[in-house]
Each structure stands twice: as structure tokens, then as C-alpha cells.
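Chemist: File target_30.txt follows (compact mmCIF, C-alpha atoms):
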# COMPACT_ATOMS: atom_id res chain seq x y z
CA MET A 244 0.00 0.00 0.00
CA SER A 245 1.42 3.33 -0.98
CA THR A 246 1.64 6.19 1.44
CA GLY A 247 -0.98 8.05 -0.56
CA ASP A 248 -3.68 5.47 0.10
CA LEU A 249 -6.53 6.57 2.28
CA VAL A 250 -7.02 4.25 5.20
CA LEU A 251 -10.49 4.20 6.63
CA ALA A 252 -10.93 3.11 10.17
CA PRO A 253 -13.74 0.61 10.62
CA PHE A 254 -16.85 2.64 11.14
CA ARG A 255 -19.43 1.51 13.60
CA SER A 256 -22.62 3.39 13.67
CA GLU A 257 -24.28 3.46 17.05
CA THR A 258 -27.93 2.75 16.94
CA LEU A 259 -30.45 2.77 19.71
CA GLU A 260 -30.31 -1.01 19.78
CA ASP A 261 -26.61 -0.89 20.54
CA ARG A 262 -27.08 1.27 23.60
CA PRO A 263 -27.78 -0.28 26.95
CA SER A 264 -31.37 0.23 27.94
CA PHE A 265 -32.37 2.53 30.73
CA GLU A 266 -33.39 -0.43 32.84
CA ALA A 267 -30.00 -2.06 32.34
CA LEU A 268 -28.19 1.12 33.33
CA MET A 269 -30.36 1.48 36.37
CA ALA A 270 -29.80 -2.09 37.47
CA ALA A 271 -26.06 -1.63 37.09
CA HIS A 272 -25.71 1.70 38.87
CA GLN A 273 -28.63 2.12 41.25
CA GLN A 274 -26.72 0.89 44.31
CA ARG A 275 -23.81 3.16 43.52
CA VAL A 276 -26.02 6.22 43.29
CA LEU A 277 -28.07 5.32 46.34
CA ARG A 278 -24.97 4.61 48.42
CA THR A 279 -23.29 7.85 47.45
CA ALA A 280 -26.42 9.86 48.16
CA TYR A 281 -26.88 8.14 51.49
CA ARG A 282 -23.30 8.87 52.56
CA LEU A 283 -23.61 12.47 51.47
CA LEU A 284 -27.01 13.14 53.01
CA GLY A 285 -27.03 10.78 55.97
CA ARG A 286 -30.68 9.83 55.62
CA MET A 287 -32.07 6.94 53.64
CA GLU A 288 -35.33 8.61 52.70
CA ASP A 289 -33.50 11.61 51.24
CA ALA A 290 -31.05 9.31 49.48
CA GLN A 291 -33.93 7.46 47.84
CA ASP A 292 -35.45 10.75 46.70
CA VAL A 293 -32.11 11.78 45.22
CA THR A 294 -31.73 8.41 43.49
CA GLN A 295 -35.14 8.83 41.89
CA GLU A 296 -34.18 12.32 40.73
CA VAL A 297 -30.82 11.18 39.33
CA PHE A 298 -32.35 8.40 37.27
CA LEU A 299 -35.11 10.68 36.14
CA ARG A 300 -32.43 13.00 34.73
CA LEU A 301 -30.68 10.00 33.20
CA LEU A 302 -33.92 9.08 31.48
CA GLN A 303 -34.30 12.60 30.14
CA HIS A 304 -30.70 12.85 28.94
CA LEU A 305 -30.12 9.27 27.94
CA HIS A 306 -29.14 10.27 24.42
CA ARG A 307 -26.44 12.58 25.73
CA VAL A 308 -24.92 10.28 28.31
CA ASP A 309 -22.06 7.99 27.46
CA ALA A 310 -24.07 4.82 27.96
CA ASP A 311 -20.99 2.64 27.94
CA ASP A 312 -19.52 4.45 30.92
CA PRO A 313 -22.06 6.66 32.63
CA LYS A 314 -20.34 6.40 36.02
CA ALA A 315 -18.80 9.85 35.97
CA TRP A 316 -22.04 11.44 34.74
CA LEU A 317 -24.05 9.67 37.43
CA TYR A 318 -21.63 10.66 40.20
CA ARG A 319 -21.62 14.27 39.02
CA VAL A 320 -25.39 14.46 38.89
CA THR A 321 -25.70 12.68 42.23
CA VAL A 322 -23.37 15.18 43.87
CA ASN A 323 -25.23 18.11 42.28
CA VAL A 324 -28.64 16.85 43.35
CA CYS A 325 -27.31 16.20 46.86
CA ASN A 326 -25.90 19.73 46.97
CA ASP A 327 -29.29 21.10 45.94
CA HIS A 328 -30.80 18.98 48.66
CA HIS A 329 -28.30 20.33 51.19
CA ARG A 330 -29.30 23.88 50.41
CA ARG A 331 -32.88 23.06 51.19
CA ARG A 332 -32.19 21.02 54.27
CA ARG A 333 -29.34 20.68 56.72
CA PRO A 334 -27.82 17.24 56.75
CA VAL A 335 -29.11 15.15 59.56
CA LEU A 336 -27.72 12.12 61.18
CA GLU A 337 -29.99 9.17 61.04
CA ALA A 338 -29.85 6.60 63.74
CA VAL A 339 -28.19 3.80 61.87
CA ASP A 340 -29.78 0.46 62.44
CA LEU A 341 -26.83 -1.80 62.31
CA PRO A 342 -27.36 -5.52 62.32
CA ASP A 343 -26.24 -7.33 65.40
CA PRO A 344 -22.73 -8.44 64.70
CA ALA A 345 -22.46 -12.15 64.51
CA PRO A 346 -20.32 -13.69 67.21
CA GLY A 347 -16.90 -13.89 65.77
CA PRO A 348 -13.56 -12.25 65.87
CA GLN A 349 -13.10 -9.03 67.74
CA HIS A 350 -12.02 -7.43 64.50
CA ALA A 351 -15.53 -7.70 63.01
CA LEU A 352 -17.03 -6.04 66.05
CA GLU A 353 -14.48 -3.23 65.89
CA LEU A 354 -15.10 -2.81 62.19
CA GLU A 355 -18.84 -2.42 62.71
CA ASP A 356 -18.27 0.09 65.52
CA ARG A 357 -15.86 2.02 63.37
CA LYS A 358 -18.22 2.04 60.39
CA GLN A 359 -20.96 3.47 62.58
CA LEU A 360 -18.65 6.12 64.00
CA LEU A 361 -17.40 7.06 60.56
CA THR A 362 -20.96 7.29 59.26
CA GLN A 363 -21.72 9.70 62.08
CA GLY A 364 -18.46 11.54 61.51
CA LEU A 365 -19.26 12.07 57.83
CA ALA A 366 -22.27 14.14 58.80
CA THR A 367 -20.04 16.54 60.70
CA LEU A 368 -17.75 17.28 57.75
CA PRO A 369 -18.04 20.38 55.58
CA GLU A 370 -19.94 19.64 52.40
CA ARG A 371 -17.00 19.73 50.00
CA GLU A 372 -14.80 17.58 52.19
CA ARG A 373 -17.57 15.06 52.72
CA THR A 374 -18.19 14.80 48.98
CA ALA A 375 -14.52 14.34 48.25
CA VAL A 376 -13.99 11.64 50.86
CA VAL A 377 -17.17 9.78 49.91
CA LEU A 378 -16.14 9.62 46.27
CA ARG A 379 -12.51 8.81 47.01
CA ASP A 380 -12.56 6.55 50.08
CA ILE A 381 -16.01 4.98 49.98
CA GLU A 382 -16.63 4.80 46.23
CA GLY A 383 -12.94 4.22 45.56
CA LEU A 384 -12.62 6.61 42.65
CA PRO A 385 -9.17 7.88 41.68
CA THR A 386 -8.36 11.41 42.74
CA ARG A 387 -8.27 12.55 39.12
CA GLU A 388 -11.79 11.26 38.52
CA VAL A 389 -13.05 12.89 41.70
CA ALA A 390 -11.56 16.18 40.55
CA GLY A 391 -13.31 15.79 37.20
CA ILE A 392 -16.65 15.08 38.83
CA LEU A 393 -16.36 18.01 41.22
CA GLY A 394 -14.90 20.31 38.59
CA VAL A 395 -11.85 21.29 40.66
CA GLU A 396 -8.11 20.77 40.51
CA GLU A 397 -6.61 17.52 41.70
CA VAL A 398 -4.54 19.32 44.29
CA THR A 399 -7.70 20.78 45.75
CA VAL A 400 -9.25 17.34 46.01
CA ARG A 401 -6.14 15.95 47.68
CA SER A 402 -6.24 18.73 50.23
CA GLN A 403 -9.96 18.21 50.92
CA ILE A 404 -9.53 14.47 51.32
CA SER A 405 -6.60 14.91 53.64
CA LYS A 406 -8.50 17.32 55.87
CA ALA A 407 -11.57 15.10 55.87
CA ARG A 408 -9.54 12.04 56.93
CA MET A 409 -7.94 14.05 59.68
CA ARG A 410 -11.31 15.21 61.02
CA LEU A 411 -12.75 11.71 60.81
CA ALA A 412 -9.78 10.26 62.68
CA ASP A 413 -10.21 12.85 65.42
CA TYR A 414 -13.95 12.13 65.57
CA VAL A 415 -13.42 8.39 65.93
CA ARG A 416 -10.58 8.75 68.42
CA THR A 417 -12.52 11.03 70.75
CA ARG A 418 -15.53 8.68 70.79
CA LYS A 419 -13.85 5.33 71.21
CA MET B 6 11.05 14.42 60.18
CA THR B 7 8.92 15.62 63.04
CA CYS B 8 5.71 13.93 64.22
CA GLN B 9 3.72 16.91 62.94
CA GLU B 10 5.19 16.60 59.42
CA CYS B 11 4.66 12.83 59.49
CA ARG B 12 1.05 13.24 60.60
CA ILE B 13 0.31 15.46 57.61
CA GLU B 14 1.80 12.98 55.19
CA LEU B 15 0.05 9.99 56.71
CA PHE B 16 -3.34 11.41 55.80
CA GLU B 17 -2.38 11.62 52.15
CA ASP B 18 -2.85 8.83 49.66
CA THR B 19 0.84 7.98 49.38
CA PRO B 20 2.98 8.99 52.35
CA GLY B 21 6.58 9.76 51.52
CA ARG B 22 9.53 7.54 52.32
CA ASP B 23 10.63 9.81 55.18
CA ALA B 24 7.24 9.50 56.81
CA LEU B 25 7.37 5.72 56.62
CA VAL B 26 10.81 5.71 58.19
CA HIS B 27 9.52 7.95 60.95
CA VAL B 28 6.57 5.62 61.58
CA GLY B 29 9.03 2.78 62.06
CA GLU B 30 10.77 4.71 64.79
CA CYS B 31 7.88 6.54 66.54
CA GLU B 32 5.28 4.56 68.51
CA ALA B 33 2.74 7.42 68.55
CA CYS B 34 2.91 7.89 64.79
CA ARG B 35 2.74 4.10 64.30
CA GLU B 36 -0.45 4.05 66.34
CA LEU B 37 -1.85 6.90 64.23
CA ALA B 38 -0.94 5.07 61.03
CA ARG B 39 -2.81 1.97 62.26
CA GLU B 40 -5.81 4.14 63.10
CA ILE B 41 -5.81 5.72 59.64
CA GLN B 42 -5.52 2.29 58.03
CA ALA B 43 -8.48 0.98 60.06
CA ASN B 44 -10.56 3.98 59.06
CA ALA B 45 -9.71 3.44 55.41
CA GLU B 46 -10.78 -0.21 55.67
CA ALA B 47 -14.05 0.72 57.38
CA LEU B 48 -14.83 3.37 54.77
CA ALA B 49 -14.12 0.91 51.98
CA ALA B 50 -16.36 -1.63 53.73
CA LEU B 51 -19.23 0.87 53.57
CA ARG B 52 -19.03 0.47 49.79
CA GLY B 53 -20.13 -3.14 50.05
CA GLU B 54 -23.27 -2.42 52.01
CA GLU B 55 -26.41 -3.28 50.12
CA LEU B 56 -29.02 -0.58 50.58
CA VAL B 57 -32.70 -0.98 49.92
CA ALA B 58 -33.59 0.94 46.79
CA ARG B 59 -37.03 2.30 46.20
CA PRO B 60 -38.59 1.23 42.89
CA PHE B 61 -38.12 3.84 40.21
CA VAL B 62 -41.31 5.65 39.34
CA HIS B 63 -41.53 6.40 35.65
CA PRO B 64 -42.82 9.89 34.98
CA ARG B 65 -46.08 10.17 33.09
CA ARG B 66 -45.43 11.18 29.56
CA PRO B 67 -48.00 13.38 27.84
CA LYS B 68 -49.67 11.49 25.00
CA PRO B 69 -50.29 13.83 22.08
CA TRP B 70 -52.92 11.58 20.51
CA ILE B 71 -55.10 11.81 23.60
CA TRP B 72 -55.93 15.43 22.79
CA GLY B 73 -56.96 14.48 19.25
CA LEU B 74 -59.13 11.72 20.64
CA ALA B 75 -60.74 14.12 23.10
CA ALA B 76 -61.43 16.66 20.34
CA ALA B 77 -62.98 14.00 18.12
CA ALA B 78 -65.15 12.78 20.98
CA ALA B 79 -66.30 16.33 21.72
CA LEU B 80 -67.13 16.84 18.06
CA VAL B 81 -69.16 13.65 17.87
CA LEU B 82 -71.03 14.45 21.05
CA GLY B 83 -71.60 18.04 20.02
CA ILE B 84 -73.08 17.14 16.66
CA GLY B 85 -74.63 13.76 17.31
CA LEU B 86 -76.50 14.34 20.53
CA PRO B 87 -78.65 17.29 19.41
CA ARG B 88 -79.61 15.38 16.29
CA LEU B 89 -80.50 12.35 18.30
CA PHE B 90 -82.88 14.16 20.64
CA ARG B 91 -84.22 16.86 18.32
CA THR B 92 -87.80 18.19 18.94
CA GLU B 93 -89.69 18.47 15.67
CA VAL B 94 -93.00 20.22 15.12
CA VAL B 95 -95.10 18.50 12.44
CA VAL B 96 -98.19 20.35 11.19
CA GLU B 97 -100.69 17.97 9.72
CA PRO B 98 -102.58 19.28 6.65
CA GLU B 99 -106.06 20.53 7.18
CA VAL B 100 -108.67 18.15 5.79
CA THR B 101 -111.60 19.92 4.11
CA PRO B 102 -114.69 17.76 3.74
CA PRO B 103 -116.79 18.10 0.55
CA VAL B 104 -119.51 20.67 0.87
CA GLU B 105 -123.06 19.43 0.35
CA VAL B 106 -125.40 22.27 -0.45
CA ALA B 107 -129.19 21.92 -0.15
CA GLN B 108 -131.35 24.37 -1.92
CA GLU B 109 -134.10 24.81 0.59
CA GLU B 110 -132.69 23.44 3.73
CA PRO B 111 -129.12 24.31 3.62
CA ALA B 112 -127.17 22.02 5.70
CA PRO B 113 -125.73 23.54 8.72
CA PRO B 114 -122.21 24.60 8.17
CA ALA B 115 -119.79 21.88 8.80
CA PRO B 116 -118.08 22.29 12.07
CA GLU B 117 -114.75 23.75 11.52
CA THR B 118 -112.10 21.21 12.04
CA PRO B 119 -109.65 22.58 14.54
CA LYS B 120 -106.22 22.91 13.31
CA ARG B 121 -104.28 20.28 15.11
CA THR B 122 -100.72 20.73 16.09
CA GLN B 123 -98.92 17.68 17.22
CA VAL B 124 -95.60 17.64 18.95
CA VAL B 125 -93.72 14.53 18.13
CA LEU B 126 -90.51 13.45 19.74
CA ARG B 127 -88.73 11.09 17.52
CA ALA B 128 -85.23 10.02 16.79
CA LYS B 129 -84.33 10.84 13.26
CA ALA B 130 -81.38 9.92 11.20
CA ARG B 131 -82.05 12.28 8.34
CA PRO B 132 -83.93 15.52 8.06
CA ARG B 133 -87.49 15.51 6.82
CA PRO B 134 -89.52 18.45 5.54
CA ALA B 135 -91.31 20.16 8.37
CA VAL B 136 -94.54 20.62 6.38
CA ALA B 137 -96.41 17.91 4.49
CA PRO B 138 -96.62 18.33 0.69
CA PRO B 139 -99.63 20.34 -0.52
CA VAL B 140 -102.78 18.46 -1.45
CA GLU B 141 -103.38 18.39 -5.13
CA GLU B 142 -106.40 20.28 -6.41
CA PRO B 143 -109.17 17.98 -7.72
CA THR B 144 -109.37 17.99 -11.50
CA GLN B 145 -112.90 16.46 -11.68
CA PRO B 146 -115.89 18.85 -11.68
CA LEU B 147 -117.59 19.54 -8.40
CA MET B 148 -121.20 18.34 -8.26
CA VAL B 149 -123.73 20.02 -5.97
CA LYS B 150 -127.01 18.19 -5.39
CA MET B 151 -129.98 20.44 -4.61
CA LEU B 152 -133.21 19.00 -3.29
CA THR B 153 -136.53 20.66 -4.03
CA SER B 154 -139.96 20.40 -2.38
CA ASP B 155 -140.92 17.89 -5.03
CA PRO B 156 -139.15 14.72 -4.20
CA ASP B 157 -139.06 13.80 -7.91
CA VAL B 158 -137.17 16.92 -8.83
CA VAL B 159 -133.53 17.06 -7.98
CA ILE B 160 -131.16 19.63 -9.35
CA TYR B 161 -127.52 18.68 -9.88
CA TRP B 162 -125.12 21.58 -10.20
CA LEU B 163 -121.83 20.73 -11.81
CA ILE B 164 -119.04 23.20 -11.39
CA ASP B 165 -116.16 22.71 -13.77
CA PRO B 166 -113.02 24.26 -12.32
CA VAL B 167 -111.77 25.06 -15.81
CA GLU B 168 -114.86 25.98 -17.84
CA GLY B 169 -117.18 27.24 -15.20
CA GLU B 170 -120.50 26.13 -13.78
CA LYS B 171 -123.18 24.17 -15.51
CA ALA B 172 -126.63 23.08 -14.30
CA ILE B 173 -128.20 19.83 -15.33
Represent the structure contained in this file as C-alpha cells.
Modeler:
Amino acid sequence: MSTGDLVLAPFRSETLEDRPSFEALMAAHQQRVLRTAYRLLGRMEDAQDVTQEVFLRLLQHLHRVDADDPKAWLYRVTVNVCNDHHRRRRPVLEAVDLPDPAPGPQHALELEDRKQLLTQGLATLPERERTAVVLRDIEGLPTREVAGILGVEEVTVRSQISKARMRLADYVRTRK
Amino acid sequence: MTCQECRIELFEDTPGRDALVHVGECEACRELAREIQANAEALAALRGEELVARPFVHPRRPKPWIWGLAAAAALVLGIGLPRLFRTEVVVEPEVTPPVEVAQEEPAPPAPETPKRTQVVLRAKARPRPAVAPPVEEPTQPLMVKMLTSDPDVVIYWLIDPVEGEKAI
């Protein structure tokens, strides 16, 4: 083939049939959205409202969302809807109904205690720090992705996460 | 490295080598590092919790054809119902009985038939003329029988509508 030949990349037209359905997207990501909203708001009822709102927006903007990887879009919308929710209502701390820990190693008991304390501690964090630590430490997103979702610099996210971890450690230490 | 500098680094994602060396030497910082590690594990464990999701409620979408259907239904009802229950006034034609004229004893005038107006309620599919068609004029000559005092003499009076009257 001479250098002058035009090489066409294989073209794949995306049709509606190729895209995952709304139901499939919801089944795949509902827990993620609900969990994030719950950690950000601290109340299950509010988290369920936010989840409904997020998927309603997904339904409305399905044609614009990257259906193959809507994670970032969903996180961004979840955070925005939670922020809107925060402006209407102060975050509250719901009494967490933890299951009775099964008799077992002391580590499991400590882990459950710590999870409850951290859940309470999250509610005391400033909004931006809470969002950053939920996305980074609970959802396990890379710092770069968190920065993209929040629309800030990576260094800002690192600083927010660091401060949030420090506050959470103090909260847990003073209550143990 | 001081404990304060080490503490700051420990809360970051990847503490520096100096901080790790300091942790190896300082019991307090080692304890803090364990605490931070336990917190990180507990936060990550929150990710695995299965929460009860509420079923998604699909929003009601407006159906454009429903307005067309409603308009068609209104049109049918607006036009069809009045036609179905229309009140029609039918005037029956006046019936005039033949006049019998007696020469000497004229018959008393026939009682005037009252004009009857009947109100009929009926369901109609197609319009009908409100008034019945006019009665055709008789083309045969009108005959008037006149009796006299003599029972053998009877006068017949023929009135031709075209040519005029004629006595027999």
C-alpha cells in the first residue's frame, strides 16, 4: 500500500439497539447512586429521593450520556442533586440500624463500631470535604476522577480528602 | 522528620519515604498510622453495604394523541346528541270535507275542524320536511245536489273548475 492510500478506520454506527437500555443502566448503577447519596445526606429517605431524581435525569438525557460508561455522569449528577438537597435542608444524622454483629472475631465487632462512628463523623464534615472523601474513600474513585466530577483541581481534592480524613480520625478517636 | 510533618503525610494517599521511616521509629505515629488504616478499611467496607432501593417511578409522559381523541369525541357528542334528541313540530294538513249544499234546507255549516298541532318526539337519522306536501287540487268537476220540495225533482249543479259552472 502506498503512502498516498486513504485508510479508513472501521466505522461503527451506534444505533439505539446498541445502547444499553435505561433499565439495564439502572440495574447496574442504582446501588452506587443510592450509596453515594446516602453517605452524602445521611438519611435513607433523602437518598432514595435523590436516586429517583438522578435516574429521572438520566432518562431525560439518555441520548447525551455515554451509555458505555455513565459512572462519571451519574456521580456528578448525584453530587449536584445532593448539593441542591443540602441547600434546602441541613444534613441530619440518622440513627443507623446496624445488624447485630455475629459472634466472631473481635475485629468484626471493631469494624462495625468504626463504620458506625465514621458514618456519624461524615455528617459533621463540611460539604465539599464530605463529597470528596465519599467519592474517594467509599466509592474508591481515583483522585483525578473525583476532581473531574467536582470540577476542581486535583490538588484541591487531595487537600480536601486529607483534611476530611484528619477530622474523621479525630472524631473516631474522641468517641472510642 | 517531626511527628507533625509525618502526621500530615500519613493522611495523604501515598505517604513519603521519610514519613514511613519515621513511623518505624515513633510509637505514637505508628499508632496513628494503624488508626488511619483501620478507618480506610471501614470506609471501603461501607461500599459493600447493600441498601434498599425504592422502585423507580416512571414519569407520566403526555400522549399527544389523547388530545386528538378528546377533540374528536367532543365533536361527535356536540353534533350527534342534538340530532338524536331533536324536537320536531309537524303540522298535519287541514282536511276539508266536501260541501253538500241543499237548496231549501241548507245544511248547517260543517263544524270547523280545529287545526291540530302535534308535537312529536322522535329520533331521526335524516332531516325531513317540516310541512307535508300540498294536497293536489281535484281535477274532476264539483257536483252540488240540490233537493226541491218535489221529491221527484232534484237539481244537480256541476261546477267545472276550468270551464265554469253548468246546471243539469
Chemist: Identify all chain B residues at most 9 Å from chain A by counting only C-alpha atoms; ligands do not count. Present them as JSON, numbers by chain.
Modeler: {"B": [13, 14, 15, 16, 17, 18, 37, 40, 41, 43, 44, 45, 46, 47, 48, 49, 50, 51, 52, 54, 55, 56, 57, 58, 59, 60, 61, 62, 63, 64]}
Chemist: Between A:Thr374, A:Gln403, A:Thr367, A:Gln303, which residue has the minimum interatomic distance to Cys325 of chain A, considering only C-alpha atoms?
Modeler: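 Among the listed residues, A:Thr374 lies closest to Cys325 of chain A.
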Chemist: Starting from 4 Å padding per side, set up an axis-aligned box that covers all listed atoms of segment 146-149 of chain B and hand over centre and edge lengths in Å, one decimal, as AutoDock Vina command-line options.
Modeler:
--center_x -119.8 --center_y 19.2 --center_z -8.8 --size_x 15.8 --size_y 9.7 --size_z 13.7
Chemist: In Å to one decimal, how far is atom CA of Arg286 of chain A from atom CA of Arg371 of chain A?
Modeler: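 Spanning atom CA of Arg371 of chain A to atom CA of Arg286 of chain A is a straight-line distance of 17.8 Å.
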Chemist: Please indicate the distance in Å from atom CA of Pro20 of chain B to atom CA of Tyr414 of chain A, rounded to one decimal place.
Modeler: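 About the pair atom CA of Pro20 of chain B and atom CA of Tyr414 of chain A: they are 21.7 Å apart.
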Chemist: If you count all atoms listed in the file, which residues fall within 12 Å of Arg319 of chain A, apart from same-chain ones fewer than 6 positions away, as an NGL selection string?
Modeler: :A and (276 or 279-280 or 297 or 300-301 or 308 or 313 or 325-326 or 374-375 or 378 or 388-394)
Chemist: May I have the residues from that selection written out with C-alpha atoms, as a PDB file, in the coordinates of the input?
Modeler:
ATOM      1  CA  VAL A 276     -26.020   6.220  43.290  1.00  0.00           C
ATOM      2  CA  THR A 279     -23.290   7.850  47.450  1.00  0.00           C
ATOM      3  CA  ALA A 280     -26.420   9.860  48.160  1.00  0.00           C
ATOM      4  CA  VAL A 297     -30.820  11.180  39.330  1.00  0.00           C
ATOM      5  CA  ARG A 300     -32.430  13.000  34.730  1.00  0.00           C
ATOM      6  CA  LEU A 301     -30.680  10.000  33.200  1.00  0.00           C
ATOM      7  CA  VAL A 308     -24.920  10.280  28.310  1.00  0.00           C
ATOM      8  CA  PRO A 313     -22.060   6.660  32.630  1.00  0.00           C
ATOM      9  CA  CYS A 325     -27.310  16.200  46.860  1.00  0.00           C
ATOM     10  CA  ASN A 326     -25.900  19.730  46.970  1.00  0.00           C
ATOM     11  CA  THR A 374     -18.190  14.800  48.980  1.00  0.00           C
ATOM     12  CA  ALA A 375     -14.520  14.340  48.250  1.00  0.00           C
ATOM     13  CA  LEU A 378     -16.140   9.620  46.270  1.00  0.00           C
ATOM     14  CA  GLU A 388     -11.790  11.260  38.520  1.00  0.00           C
ATOM     15  CA  VAL A 389     -13.050  12.890  41.700  1.00  0.00           C
ATOM     16  CA  ALA A 390     -11.560  16.180  40.550  1.00  0.00           C
ATOM     17  CA  GLY A 391     -13.310  15.790  37.200  1.00  0.00           C
ATOM     18  CA  ILE A 392     -16.650  15.080  38.830  1.00  0.00           C
ATOM     19  CA  LEU A 393     -16.360  18.010  41.220  1.00  0.00           C
ATOM     20  CA  GLY A 394     -14.900  20.310  38.590  1.00  0.00           C
TER      21      GLY A 394
END
Chemist: Interatomic distance between atom CA of Glu36 of chain B and atom CA of Asp413 of chain A?
Modeler: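 Taking atom CA of Glu36 of chain B as the start and atom CA of Asp413 of chain A as the end point, the length is 13.2 Å.
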Chemist: List the neighbours of His329 of chain A out to 12 Å using only C-alpha atoms; skip same-chain residues closer than 5 positions along the sequence, and give me the result as a list of chain:residue names.
Modeler: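 Answer for this query is A:Ala280, A:Leu283, A:Leu284, A:Gly285, A:Arg286, A:Asp289, A:Ala290, A:Val293, A:Val322, A:Asn323, A:Val324, A:Pro334, A:Val335, A:Ala366, A:Pro369, A:Glu370, A:Arg371, A:Thr374.
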Chemist: Compile the contact shell of Val26 of chain B as a PyMOL selection string: residues with an atom at most 12 Å away, counting all atoms listed in the file, same-chain residues fewer than 2 positions apart removed.
Modeler: chain B and resi 6-8+11+14-15+20-24+28-32+34-35
Chemist: Please dump the current selection as a PDB file, in the coordinates of the input; keep C-alpha atoms.
Modeler:
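Output contents, as saved in selection-v3.pdb:
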ATOM      1  CA  MET B   6      11.050  14.420  60.180  1.00  0.00           C
ATOM      2  CA  THR B   7       8.920  15.620  63.040  1.00  0.00           C
ATOM      3  CA  CYS B   8       5.710  13.930  64.220  1.00  0.00           C
ATOM      4  CA  CYS B  11       4.660  12.830  59.490  1.00  0.00           C
ATOM      5  CA  GLU B  14       1.800  12.980  55.190  1.00  0.00           C
ATOM      6  CA  LEU B  15       0.050   9.990  56.710  1.00  0.00           C
ATOM      7  CA  PRO B  20       2.980   8.990  52.350  1.00  0.00           C
ATOM      8  CA  GLY B  21       6.580   9.760  51.520  1.00  0.00           C
ATOM      9  CA  ARG B  22       9.530   7.540  52.320  1.00  0.00           C
ATOM     10  CA  ASP B  23      10.630   9.810  55.180  1.00  0.00           C
ATOM     11  CA  ALA B  24       7.240   9.500  56.810  1.00  0.00           C
ATOM     12  CA  VAL B  28       6.570   5.620  61.580  1.00  0.00           C
ATOM     13  CA  GLY B  29       9.030   2.780  62.060  1.00  0.00           C
ATOM     14  CA  GLU B  30      10.770   4.710  64.790  1.00  0.00           C
ATOM     15  CA  CYS B  31       7.880   6.540  66.540  1.00  0.00           C
ATOM     16  CA  GLU B  32       5.280   4.560  68.510  1.00  0.00           C
ATOM     17  CA  CYS B  34       2.910   7.890  64.790  1.00  0.00           C
ATOM     18  CA  ARG B  35       2.740   4.100  64.300  1.00  0.00           C
TER      19      ARG B  35
END
